[in-house]
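A.B. asks: CSV, C-alpha atoms and all ligand atoms, saved as work.csv, coming up:
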```
chain,number,residue,atom,x,y,z
A,30,MET,CA,82.7,-214.9,-176.5
A,31,LYS,CA,84.2,-217.3,-174.0
A,32,ARG,CA,86.8,-214.7,-173.2
A,33,ILE,CA,84.1,-212.0,-172.6
A,34,ALA,CA,82.2,-214.4,-170.3
A,35,ALA,CA,85.4,-215.1,-168.4
A,36,LEU,CA,86.0,-211.4,-168.1
A,37,LEU,CA,82.5,-210.8,-166.9
A,38,VAL,CA,82.9,-213.5,-164.3
A,39,ILE,CA,86.1,-211.9,-163.1
A,40,LEU,CA,84.5,-208.4,-163.1
A,41,LEU,CA,81.5,-209.7,-161.2
A,42,ALA,CA,83.7,-211.5,-158.7
A,43,PHE,CA,85.8,-208.4,-158.2
A,44,GLY,CA,82.7,-206.3,-157.9
A,45,THR,CA,81.3,-208.5,-155.2
A,46,PHE,CA,84.7,-208.4,-153.5
A,47,ALA,CA,84.9,-204.7,-153.8
A,48,PHE,CA,81.4,-204.3,-152.4
A,49,ALA,CA,82.2,-206.6,-149.5
A,50,ARG,CA,85.3,-204.6,-148.8
A,51,GLY,CA,83.3,-201.4,-149.1
A,52,GLU,CA,80.9,-202.6,-146.5
A,53,GLN,CA,83.6,-203.8,-144.1
A,54,GLY,CA,86.4,-201.4,-144.4
A,55,GLY,CA,85.0,-198.4,-146.2
A,56,ALA,CA,85.1,-194.8,-145.2
A,57,ALA,CA,82.7,-195.4,-142.4
A,58,GLY,CA,85.2,-197.5,-140.4
A,59,GLY,CA,86.5,-200.9,-139.9
A,60,GLY,CA,83.5,-203.1,-140.6
A,61,GLN,CA,84.1,-206.4,-138.9
A,62,THR,CA,87.3,-205.1,-137.2
A,63,LEU,CA,86.8,-205.9,-133.5
A,64,ILE,CA,87.6,-203.3,-130.8
A,65,GLY,CA,87.7,-204.7,-127.2
A,66,ILE,CA,86.6,-202.3,-124.5
A,67,ALA,CA,87.6,-203.2,-121.0
A,68,MET,CA,86.1,-201.0,-118.3
A,69,PRO,CA,87.2,-201.3,-114.6
A,70,GLU,CA,83.9,-201.4,-112.6
A,71,THR,CA,80.2,-200.6,-112.6
A,72,HIS,CA,79.9,-199.5,-108.9
A,73,VAL,CA,80.9,-196.0,-110.1
A,74,LEU,CA,78.2,-195.1,-112.5
A,75,ARG,CA,80.4,-193.3,-115.0
A,76,TRP,CA,82.0,-196.5,-116.3
A,77,GLN,CA,78.6,-197.9,-117.4
A,78,LYS,CA,78.1,-194.7,-119.4
A,79,ASP,CA,81.7,-194.8,-120.7
A,80,GLY,CA,81.3,-198.5,-121.8
A,81,ALA,CA,77.9,-197.9,-123.5
A,82,SER,CA,79.2,-194.7,-125.3
A,83,LEU,CA,82.4,-196.3,-126.5
A,84,LYS,CA,80.5,-199.3,-127.9
A,85,SER,CA,77.8,-197.3,-129.6
A,86,ILE,CA,80.2,-194.8,-131.1
A,87,ALA,CA,82.6,-197.5,-132.3
A,88,GLU,CA,79.7,-199.3,-133.9
A,89,ALA,CA,78.4,-196.2,-135.5
A,90,GLN,CA,81.9,-195.9,-137.1
A,91,GLY,CA,81.4,-199.4,-138.6
A,92,TYR,CA,83.5,-201.3,-136.0
A,93,ARG,CA,82.4,-204.4,-134.1
A,94,ALA,CA,82.8,-203.6,-130.4
A,95,GLU,CA,82.5,-205.6,-127.3
A,96,VAL,CA,82.5,-204.2,-123.7
A,97,ALA,CA,83.4,-206.0,-120.5
A,98,TYR,CA,83.4,-204.7,-116.9
A,99,GLY,CA,86.0,-205.9,-114.5
A,100,ASP,CA,84.1,-205.6,-111.2
A,101,ALA,CA,87.2,-203.9,-109.6
A,102,ASP,CA,88.9,-207.3,-110.0
A,103,GLN,CA,92.1,-207.2,-112.1
A,104,ASN,CA,92.2,-211.0,-112.6
A,105,GLN,CA,88.7,-210.8,-114.0
A,106,GLN,CA,89.6,-208.0,-116.3
A,107,ASN,CA,92.7,-209.8,-117.5
A,108,ARG,CA,90.6,-212.8,-118.4
A,109,GLN,CA,88.2,-210.4,-120.3
A,110,ILE,CA,91.2,-208.9,-122.2
A,111,GLN,CA,92.6,-212.3,-123.0
A,112,GLY,CA,89.1,-213.1,-124.4
A,113,PHE,CA,89.2,-210.1,-126.7
A,114,LEU,CA,92.6,-211.1,-128.0
A,115,THR,CA,91.4,-214.7,-128.6
A,116,GLN,CA,88.5,-213.3,-130.5
A,117,GLY,CA,91.0,-211.4,-132.7
A,118,ALA,CA,90.5,-207.9,-131.5
A,119,LYS,CA,92.5,-205.4,-133.5
A,120,LEU,CA,92.7,-202.7,-130.8
A,121,LEU,CA,91.9,-202.5,-127.0
A,122,VAL,CA,90.6,-199.6,-125.0
A,123,VAL,CA,91.4,-200.3,-121.4
A,124,GLY,CA,90.4,-198.5,-118.1
A,125,ASN,CA,92.4,-200.7,-115.8
A,126,ILE,CA,92.1,-201.5,-112.1
A,127,ASN,CA,95.7,-201.9,-111.1
A,128,ASP,CA,99.2,-202.7,-112.4
A,129,GLY,CA,98.3,-206.4,-112.6
A,130,VAL,CA,96.9,-205.6,-116.0
A,131,ASN,CA,100.5,-205.3,-117.4
A,132,SER,CA,100.9,-209.0,-118.3
A,133,VAL,CA,97.9,-208.9,-120.7
A,134,ILE,CA,99.0,-205.5,-122.1
A,135,ALA,CA,102.3,-207.3,-122.9
A,136,ASP,CA,100.3,-210.1,-124.6
A,137,ALA,CA,98.5,-207.5,-126.7
A,138,ALA,CA,101.8,-206.0,-127.8
A,139,ARG,CA,103.1,-209.4,-128.8
A,140,ASP,CA,100.0,-209.8,-131.0
A,141,ASN,CA,100.6,-206.3,-132.4
A,142,VAL,CA,97.3,-205.2,-130.9
A,143,PRO,CA,97.6,-201.5,-130.0
A,144,VAL,CA,96.2,-200.5,-126.6
A,145,ILE,CA,94.7,-197.1,-125.6
A,146,ALA,CA,94.8,-196.5,-121.9
A,147,TYR,CA,91.4,-195.0,-121.2
A,148,ASP,CA,91.0,-192.4,-118.4
A,149,ARG,CA,93.6,-194.2,-116.2
A,150,LEU,CA,97.3,-194.5,-117.1
A,151,ILE,CA,98.6,-198.1,-117.1
A,152,MET,CA,101.6,-197.7,-114.9
A,153,GLY,CA,104.9,-199.7,-115.2
A,154,SER,CA,104.2,-200.8,-118.8
A,155,ALA,CA,106.2,-199.9,-121.9
A,156,ASP,CA,103.9,-202.0,-124.1
A,157,TYR,CA,101.5,-199.3,-125.4
A,158,ASP,CA,101.7,-195.8,-126.8
A,159,TYR,CA,98.5,-193.9,-126.2
A,160,TYR,CA,96.5,-192.5,-123.3
A,161,ILE,CA,93.4,-190.4,-123.4
A,162,THR,CA,91.9,-188.8,-120.3
A,163,PHE,CA,90.9,-185.5,-118.7
A,164,ASN,CA,93.4,-183.1,-117.2
A,165,ASN,CA,93.3,-184.9,-113.8
A,166,PHE,CA,95.6,-182.4,-112.0
A,167,LYS,CA,93.0,-179.7,-112.9
A,168,VAL,CA,90.2,-181.9,-111.6
A,169,GLY,CA,92.0,-181.8,-108.2
A,170,GLN,CA,92.7,-178.1,-108.4
A,171,PHE,CA,88.9,-177.5,-108.9
A,172,GLN,CA,88.2,-179.6,-105.8
A,173,GLY,CA,90.7,-177.4,-103.9
A,174,GLN,CA,89.2,-174.3,-105.3
A,175,GLY,CA,85.7,-175.5,-104.3
A,176,ILE,CA,86.9,-175.7,-100.7
A,177,GLU,CA,88.7,-172.4,-101.0
A,178,GLN,CA,85.5,-170.7,-102.2
A,179,GLY,CA,83.1,-172.7,-100.0
A,180,LEU,CA,85.1,-171.8,-96.8
A,181,ASN,CA,86.1,-168.4,-98.0
A,182,LEU,CA,89.6,-169.3,-97.1
A,183,LYS,CA,91.0,-166.1,-98.5
A,184,SER,CA,89.6,-164.3,-95.5
A,185,ALA,CA,90.3,-167.1,-92.9
A,186,THR,CA,93.0,-166.6,-90.3
A,187,ALA,CA,95.1,-168.8,-88.0
A,188,ALA,CA,93.2,-167.2,-85.0
A,189,ALA,CA,89.9,-168.6,-86.3
A,190,PRO,CA,90.9,-171.6,-88.4
A,191,LYS,CA,88.7,-173.9,-90.5
A,192,TYR,CA,88.9,-177.6,-90.1
A,193,ILE,CA,89.2,-180.2,-92.9
A,194,THR,CA,89.7,-183.9,-93.3
A,195,LEU,CA,91.2,-185.5,-96.3
A,196,PHE,CA,90.1,-188.5,-98.5
A,197,ALA,CA,91.8,-189.9,-101.6
A,198,GLY,CA,90.7,-192.3,-104.3
A,199,SER,CA,92.0,-195.8,-104.8
A,200,PRO,CA,95.7,-196.2,-104.1
A,201,THR,CA,96.1,-198.4,-107.2
A,202,ASP,CA,94.5,-195.8,-109.5
A,203,ASN,CA,97.2,-193.5,-110.8
A,204,ASN,CA,94.5,-190.7,-111.2
A,205,SER,CA,94.1,-190.6,-107.4
A,206,LYS,CA,97.5,-189.0,-107.0
A,207,PHE,CA,96.8,-186.3,-109.6
A,208,PHE,CA,93.4,-185.5,-108.0
A,209,PHE,CA,95.0,-185.2,-104.6
A,210,ASP,CA,98.1,-183.3,-105.7
A,211,GLY,CA,95.9,-180.8,-107.6
A,212,ALA,CA,93.7,-180.2,-104.6
A,213,MET,CA,96.6,-179.9,-102.2
A,214,SER,CA,98.3,-177.4,-104.6
A,215,VAL,CA,95.5,-175.0,-103.7
A,216,LEU,CA,95.0,-176.0,-100.0
A,217,ASN,CA,98.6,-176.4,-98.7
A,218,PRO,CA,99.3,-172.6,-98.5
A,219,TYR,CA,96.3,-172.2,-96.2
A,220,ILE,CA,97.4,-175.2,-94.1
A,221,GLN,CA,100.9,-173.7,-93.9
A,222,SER,CA,99.5,-170.3,-92.8
A,223,GLY,CA,97.4,-172.0,-90.1
A,224,ALA,CA,94.1,-170.8,-91.6
A,225,LEU,CA,93.2,-174.4,-92.4
A,226,LYS,CA,93.8,-177.3,-90.0
A,227,VAL,CA,93.8,-180.9,-91.1
A,228,VAL,CA,92.0,-183.4,-88.8
A,229,GLY,CA,93.4,-186.9,-89.3
A,230,PRO,CA,96.4,-187.9,-91.5
A,231,TYR,CA,97.9,-185.1,-93.5
A,232,PRO,CA,100.0,-186.1,-96.5
A,233,GLU,CA,101.2,-182.8,-98.0
A,234,THR,CA,101.3,-184.5,-101.4
A,235,SER,CA,100.8,-188.1,-102.6
A,236,ALA,CA,104.6,-188.6,-102.4
A,237,ASP,CA,104.1,-189.0,-98.7
A,238,ASN,CA,103.1,-192.6,-99.4
A,239,ALA,CA,102.6,-193.7,-95.8
A,240,ASN,CA,100.0,-191.0,-95.0
A,241,PHE,CA,98.6,-191.2,-98.5
A,242,GLN,CA,97.7,-194.8,-98.0
A,243,ARG,CA,96.0,-193.9,-94.8
A,244,ILE,CA,93.6,-191.5,-96.5
A,245,ALA,CA,93.2,-193.6,-99.7
A,246,THR,CA,90.0,-195.6,-100.5
A,247,GLU,CA,90.7,-199.1,-101.8
A,248,ASN,CA,89.0,-199.5,-105.2
A,249,TRP,CA,86.9,-196.4,-104.7
A,250,GLN,CA,84.5,-198.4,-102.5
A,251,ALA,CA,81.8,-196.2,-100.9
A,252,PRO,CA,81.4,-198.4,-97.8
A,253,ILE,CA,85.1,-198.0,-97.0
A,254,ALA,CA,84.9,-194.2,-97.2
A,255,LYS,CA,81.7,-194.3,-95.1
A,256,THR,CA,83.3,-196.4,-92.3
A,257,ARG,CA,86.4,-194.2,-92.3
A,258,MET,CA,84.3,-191.1,-92.0
A,259,GLU,CA,82.3,-192.6,-89.1
A,260,ASN,CA,85.6,-193.4,-87.4
A,261,LEU,CA,86.9,-189.9,-87.9
A,262,LEU,CA,83.7,-188.4,-86.5
A,263,SER,CA,83.9,-190.4,-83.4
A,264,ASN,CA,87.7,-190.1,-82.9
A,265,ASP,CA,90.0,-187.5,-84.4
A,266,ALA,CA,87.1,-185.1,-85.3
A,267,ARG,CA,85.2,-185.7,-82.0
A,268,ASN,CA,86.1,-182.3,-80.5
A,269,VAL,CA,85.9,-180.1,-83.6
A,270,THR,CA,83.3,-179.2,-86.1
A,271,LEU,CA,84.5,-180.1,-89.6
A,272,ASP,CA,84.1,-177.3,-92.1
A,273,ALA,CA,85.2,-179.3,-95.2
A,274,VAL,CA,85.9,-182.8,-96.4
A,275,LEU,CA,88.1,-183.3,-99.5
A,276,ALA,CA,86.3,-186.2,-101.3
A,277,PRO,CA,87.8,-187.4,-104.5
A,278,ASN,CA,84.6,-188.3,-106.4
A,279,ASP,CA,80.8,-188.2,-106.1
A,280,THR,CA,80.3,-191.8,-105.1
A,281,LEU,CA,82.6,-191.3,-102.0
A,282,ALA,CA,81.2,-187.8,-101.4
A,283,ARG,CA,77.7,-189.2,-100.9
A,284,ALA,CA,79.0,-191.9,-98.6
A,285,ILE,CA,80.8,-189.3,-96.5
A,286,ILE,CA,77.7,-187.0,-96.4
A,287,GLU,CA,75.7,-190.1,-95.3
A,288,ALA,CA,78.1,-190.6,-92.4
A,289,CYS,CA,77.8,-186.9,-91.4
A,290,LEU,CA,74.0,-186.9,-91.6
A,291,ALA,CA,74.0,-189.8,-89.0
A,292,ASP,CA,76.0,-187.6,-86.6
A,293,ALA,CA,74.0,-185.2,-84.4
A,294,LYS,CA,76.5,-182.5,-84.9
A,295,TYR,CA,75.8,-182.2,-88.6
A,296,SER,CA,72.4,-183.8,-89.1
A,297,GLY,CA,70.3,-180.8,-87.9
A,298,GLY,CA,72.6,-178.1,-89.0
A,299,LYS,CA,75.4,-177.3,-91.4
A,300,LEU,CA,77.1,-180.1,-93.4
A,301,PRO,CA,80.8,-179.6,-94.2
A,302,VAL,CA,81.8,-178.4,-97.7
A,303,VAL,CA,82.2,-181.7,-99.5
A,304,THR,CA,83.8,-181.9,-102.9
A,305,GLY,CA,83.3,-184.5,-105.6
A,306,GLN,CA,83.8,-185.3,-109.3
A,307,ASP,CA,81.9,-187.0,-112.2
A,308,ALA,CA,78.7,-184.9,-112.0
A,309,GLU,CA,76.7,-188.1,-111.2
A,310,PHE,CA,72.9,-187.4,-111.1
A,311,ASP,CA,72.5,-188.2,-107.4
A,312,SER,CA,75.3,-185.7,-106.6
A,313,ALA,CA,74.0,-183.1,-108.9
A,314,LEU,CA,70.7,-183.3,-107.1
A,315,SER,CA,72.5,-183.2,-103.7
A,316,ILE,CA,74.3,-180.0,-104.9
A,317,LYS,CA,71.0,-178.5,-106.1
A,318,ASN,CA,69.6,-179.3,-102.6
A,319,GLY,CA,72.5,-177.7,-100.8
A,320,GLN,CA,74.2,-180.8,-99.4
A,321,GLN,CA,77.2,-181.7,-101.6
A,322,TYR,CA,79.1,-178.5,-102.4
A,323,MET,CA,80.6,-179.1,-105.8
A,324,THR,CA,81.5,-181.7,-108.4
A,325,VAL,CA,83.7,-181.8,-111.5
A,326,PHE,CA,82.0,-182.4,-114.8
A,327,LYS,CA,84.0,-184.7,-117.2
A,328,ASP,CA,81.9,-185.2,-120.3
A,329,THR,CA,82.5,-188.9,-120.7
A,330,ALA,CA,80.6,-189.0,-124.0
A,331,LYS,CA,83.2,-186.6,-125.4
A,332,LEU,CA,86.0,-188.7,-124.0
A,333,ALA,CA,84.5,-191.8,-125.6
A,334,GLU,CA,84.1,-190.0,-128.9
A,335,ALA,CA,87.7,-188.8,-128.8
A,336,ALA,CA,88.9,-192.3,-127.8
A,337,VAL,CA,87.1,-193.9,-130.8
A,338,LEU,CA,88.6,-191.3,-133.1
A,339,LEU,CA,92.0,-192.1,-131.8
A,340,ALA,CA,91.4,-195.8,-132.3
A,341,ASP,CA,90.2,-195.2,-135.8
A,342,GLN,CA,93.3,-193.1,-136.7
A,343,ILE,CA,95.6,-195.7,-135.1
A,344,LEU,CA,94.0,-198.6,-137.0
A,345,LYS,CA,94.1,-196.7,-140.3
A,346,GLY,CA,97.7,-195.6,-139.8
A,347,GLN,CA,96.7,-191.9,-140.0
A,348,THR,CA,98.3,-188.9,-138.4
A,349,ILE,CA,96.8,-188.5,-134.9
A,350,SER,CA,94.7,-185.4,-134.5
A,351,ILE,CA,92.0,-185.3,-131.8
A,352,PRO,CA,89.9,-182.1,-131.9
A,353,GLY,CA,89.0,-181.0,-128.3
A,354,ALA,CA,92.0,-182.8,-126.7
A,355,GLU,CA,95.4,-181.4,-126.0
A,356,LEU,CA,98.5,-183.5,-126.5
A,357,ALA,CA,100.2,-183.2,-123.1
A,358,SER,CA,103.6,-181.5,-123.4
A,359,GLY,CA,106.0,-179.6,-121.1
A,360,ALA,CA,105.0,-179.8,-117.4
A,361,LEU,CA,101.9,-181.9,-118.4
A,362,GLU,CA,104.0,-184.6,-120.1
A,363,SER,CA,104.4,-186.4,-116.8
A,364,ILE,CA,100.7,-187.3,-117.1
A,365,GLY,CA,101.7,-189.9,-119.7
A,366,ASP,CA,104.8,-191.2,-117.8
A,367,THR,CA,104.3,-194.9,-116.9
A,368,GLY,CA,107.6,-195.1,-115.1
A,369,ARG,CA,108.9,-197.1,-118.0
A,370,LYS,CA,107.9,-194.9,-121.0
A,371,LYS,CA,106.3,-191.6,-121.8
A,372,VAL,CA,103.2,-192.4,-123.8
A,373,LYS,CA,101.3,-189.8,-125.8
A,374,ALA,CA,98.6,-188.4,-123.5
A,375,TYR,CA,95.6,-186.6,-124.9
A,376,LEU,CA,93.8,-184.4,-122.4
A,377,LEU,CA,90.2,-183.1,-122.3
A,378,GLU,CA,89.1,-180.2,-120.2
A,379,PRO,CA,87.1,-180.8,-117.0
A,380,VAL,CA,84.6,-178.2,-115.7
A,381,ILE,CA,84.0,-177.1,-112.1
A,382,ILE,CA,80.3,-177.3,-111.1
A,383,THR,CA,78.6,-175.7,-108.1
A,384,ARG,CA,75.0,-174.9,-107.5
A,385,ASP,CA,75.4,-171.8,-109.8
A,386,ASN,CA,76.2,-173.7,-113.0
A,387,ILE,CA,74.6,-177.1,-112.6
A,388,SER,CA,72.9,-176.3,-116.0
A,389,ILE,CA,76.2,-177.0,-117.8
A,390,PRO,CA,76.0,-180.9,-117.6
A,391,VAL,CA,72.2,-180.7,-117.9
A,392,ASN,CA,72.4,-178.7,-121.2
A,393,ALA,CA,75.3,-180.9,-122.4
A,394,GLY,CA,72.7,-183.8,-122.4
A,395,PHE,CA,74.6,-185.6,-119.7
A,396,TYR,CA,71.4,-186.8,-118.0
A,397,SER,CA,68.2,-188.6,-119.1
A,398,ASP,CA,65.3,-186.3,-119.7
A,399,ALA,CA,63.6,-187.3,-116.5
A,400,GLU,CA,66.8,-186.6,-114.5
A,401,ALA,CA,67.4,-183.3,-116.3
A,402,ALA,CA,63.8,-182.2,-115.5
A,403,ARG,CA,64.6,-182.7,-111.7
A,404,LEU,CA,67.7,-180.6,-112.0
A,405,ARG,CA,66.1,-177.6,-113.7
B,1,LIG,C1,88.1,-191.7,-112.6
B,1,LIG,C2,86.9,-191.0,-111.9
B,1,LIG,C3,86.2,-192.1,-111.1
B,1,LIG,C4,87.1,-193.0,-110.3
B,1,LIG,C5,86.3,-194.1,-109.7
B,1,LIG,C6,88.9,-192.5,-111.7
B,1,LIG,O1,90.0,-193.1,-112.4
B,1,LIG,O2,88.9,-190.7,-113.3
B,1,LIG,O3,86.1,-190.4,-112.8
B,1,LIG,O4,85.3,-191.4,-110.2
B,1,LIG,O5,88.1,-193.5,-111.1
B,1,LIG,O6,85.8,-195.0,-110.6
```
Go through the file and emit its structure as structure tokens.
C.D. replies:
Amino acid sequence: MKRIAALLVILLAFGTFAFARGEQGGAAGGGQTLIGIAMPETHVLRWQKDGASLKSIAEAQGYRAEVAYGDADQNQQNRQIQGFLTQGAKLLVVGNINDGVNSVIADAARDNVPVIAYDRLIMGSADYDYYITFNNFKVGQFQGQGIEQGLNLKSATAAAPKYITLFAGSPTDNNSKFFFDGAMSVLNPYIQSGALKVVGPYPETSADNANFQRIATENWQAPIAKTRMENLLSNDARNVTLDAVLAPNDTLARAIIEACLADAKYSGGKLPVVTGQDAEFDSALSIKNGQQYMTVFKDTAKLAEAAVLLADQILKGQTISIPGAELASGALESIGDTGRKKVKAYLLEPVIITRDNISIPVNAGFYSDAEAARLR
């Protein structure tokens, strides 16, 4: 009888333990396993959406998830990442600001905490293995194609050239180079034929570092782009009418448009063809109203979903398989090259958006109902 009671106690204890385990680490996910999510900034709206999606999807999978925003300040983000490690995070999802992040990525590696570089590649580090993003060269190609289409460059001639000025994203964000090089892969042939003339600095590719720095926009700050545009309008572009501005994202596109609208040459008449990216609501509205010409839709909810799946598979030691994302290989493999290591890069597909297909992000549920109603 005593033995049966003892057995019962053991069984009960095991049952409770198994139940507790089932709750924590069952099929639904990692239970109390903490995932630390470090996003770079909030002044570009997408990161607020990315952070919120990552957290809610990870929690729905049964993980504990914390999000921190770095305010475009790498020291601040490093402190946040250190905080995640101190709290015992088992995996980090990091959209960094600049290479200053490398010391904390090394700390994570020392603690055996895997890191997923999110959207932005962490350059110069050999301390992590995974990167998930969109095909950023293609994002740039779409921007180039938007200008090609908006200016009808295929019919332009050197005798009656079109005028463009060039902007790039943050010089410390590796994506900026891919966006720019993708765009210039479409535009350079027209510049070389004389059909398109560049006003202001002309880096043929991002490899021309001196000129690239001159068109880059520190930390993607809209006021910097606006001031640079105002300066261009009153100096280099004073005696021409600009037909296009290569703008690397929506936040900067709207700042550039604002500068143009304050200039008599453009305010009453035709704005240049201005590109963008992120399909931010304000830009989608601007496109609908015929101001901004195009944007690139990157469904960040899908990126967050794919990143959490990747995290889950890494934490469970499973074979990595991410539906809807392509593992970069061949020519694309360089997308995962940190300079010290080729990490596995998983790429999602961006979509080019103009006035004609604004319904794509709307129907994908990318906006709130109230916003969607204004875009229909
Ligand atoms: C992202 C863009 C974003 C930009 C500024 C880039 O790394 O890919 O979507 O607009 O950062 O935050």
A.B. asks: How far is it from CA of Lys191 in chain A to CA of Leu271 in chain A, in Å with one decimal?
C.D. replies: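 CA of Leu271 in chain A lies at a distance of 7.5 Å from CA of Lys191 in chain A.
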A.B. asks: Which residue, A:Val168, A:Leu361, A:Leu344, A:Ala185, has the smallest gap to ligand LIG 1 (chain B) when you use all atoms listed in the file?
C.D. replies: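 Between A:Val168, A:Leu361, A:Leu344, A:Ala185, the residue approaching ligand LIG 1 (chain B) most closely is A:Val168.
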A.B. asks: Measuring atom to atom with only C-alpha atoms and all ligand atoms, identify which of A:Gly129, A:Gly112, A:Pro69, A:Pro218 is nearest to ligand LIG 1 (chain B).
C.D. replies: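 For ligand LIG 1 (chain B), the nearest of the given residues is A:Pro69.
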A.B. asks: Would you mind listing what lies within 12 Å of Glu309 in chain A as a VMD selection string, with all atoms listed in the file counted and same-chain residues fewer than 3 positions away left out?
C.D. replies: chain A and resid 73 to 78 278 to 283 305 to 306 312 to 316 321 323 to 329 382 387 390 to 391 395 to 397 400 to 401 404
A.B. asks: Could you pull the residues within 8 Å of Val228 in chain A, counting only C-alpha atoms, minus those fewer than 2 positions along the same chain, as a list in words?
C.D. replies: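 Final neighbour list, sorted by chain and number: Tyr192, Ile193, Thr194, Leu195, Lys226, Pro230, Tyr231, Asp265 and Ala266 of chain A.
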A.B. asks: Given the choices A:Ala118, A:Ala308, A:Val227, A:Val142, which gets closest to ligand LIG 1 (chain B) if the distance is worked out from all atoms listed in the file?
C.D. replies: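 Of the candidates, the smallest distance to ligand LIG 1 (chain B) is held by A:Ala308.
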A.B. asks: Any idea what's packed within 8 Å of Val96 in chain A, counting all atoms listed in the file, ignoring anything in its chain fewer than 5 positions away? Could you give it as a short mmCIF file (atom, residue, chain, number, x, y, z; two decimals) with C-alpha atoms, in the frame of the given file?
C.D. replies:
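Result file is result39.cif:
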```cif
data_model
loop_
_atom_site.label_atom_id
_atom_site.label_comp_id
_atom_site.auth_asym_id
_atom_site.auth_seq_id
_atom_site.Cartn_x
_atom_site.Cartn_y
_atom_site.Cartn_z
CA GLY A 65 87.70 -204.70 -127.20
CA ILE A 66 86.60 -202.30 -124.50
CA ALA A 67 87.60 -203.20 -121.00
CA MET A 68 86.10 -201.00 -118.30
CA GLY A 80 81.30 -198.50 -121.80
CA ALA A 81 77.90 -197.90 -123.50
CA LYS A 84 80.50 -199.30 -127.90
#
```
A.B. asks: If I take CA of Gly169 in chain A and CA of Phe209 in chain A, how far is one from the other in Å, to one decimal?
C.D. replies: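 Going from CA of Gly169 in chain A over to CA of Phe209 in chain A covers 5.8 Å.
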A.B. asks: With all atoms listed in the file as the atoms that count, which of A:Lys206, A:Asp156, A:Trp249, A:Arg405 lies nearest to Ile389 in chain A?
C.D. replies: A:Arg405
A.B. asks: One decimal, in Å: what's the spacing between CA of Ser132 in chain A and CA of Ser205 in chain A?
C.D. replies: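 That distance, rounded to one decimal, is 22.4 Å.
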A.B. asks: Given the choices A:Thr115, A:Asn386, A:Gln320, A:Asn164, which gets closest to ligand LIG 1 (chain B) if the distance is worked out from only C-alpha atoms and all ligand atoms?
C.D. replies: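 Among A:Thr115, A:Asn386, A:Gln320, A:Asn164, it is A:Asn164 that comes nearest to ligand LIG 1 (chain B).
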A.B. asks: With only C-alpha atoms as the counted atoms, please give the residues lying no more than 10 Å from Asp366 in chain A, apart from itself and same-chain residues fewer than 3 positions off, as a count of residues only.
C.D. replies: 15
A.B. asks: Taking into account all atoms listed in the file, which residue in the set A:Gln106, A:Ser263, A:Asn141, A:Gln178 is nearest to Thr304 in chain A?
C.D. replies: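 Closest candidate: A:Gln178.
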A.B. asks: Neighbours of Leu63 in chain A within 8 Å (all atoms listed in the file; same-chain residues fewer than 6 positions away dropped), as a PyMOL selection string?
C.D. replies: chain A and resi 92-95+117-120
A.B. asks: Mind listing as number ranges by chain all residues within 6 Å of (98.1, -195.9, -125.1), counting all atoms listed in the file?
C.D. replies: A: 144-146, 157-160
A.B. asks: Within 12 Å of (99.0, -167.6, -95.3) (file coordinates; all atoms listed in the file), which protein or nucleic acid residues are there? I'd like them as a PyMOL selection string.
C.D. replies: chain A and resi 182-188+190+215-225
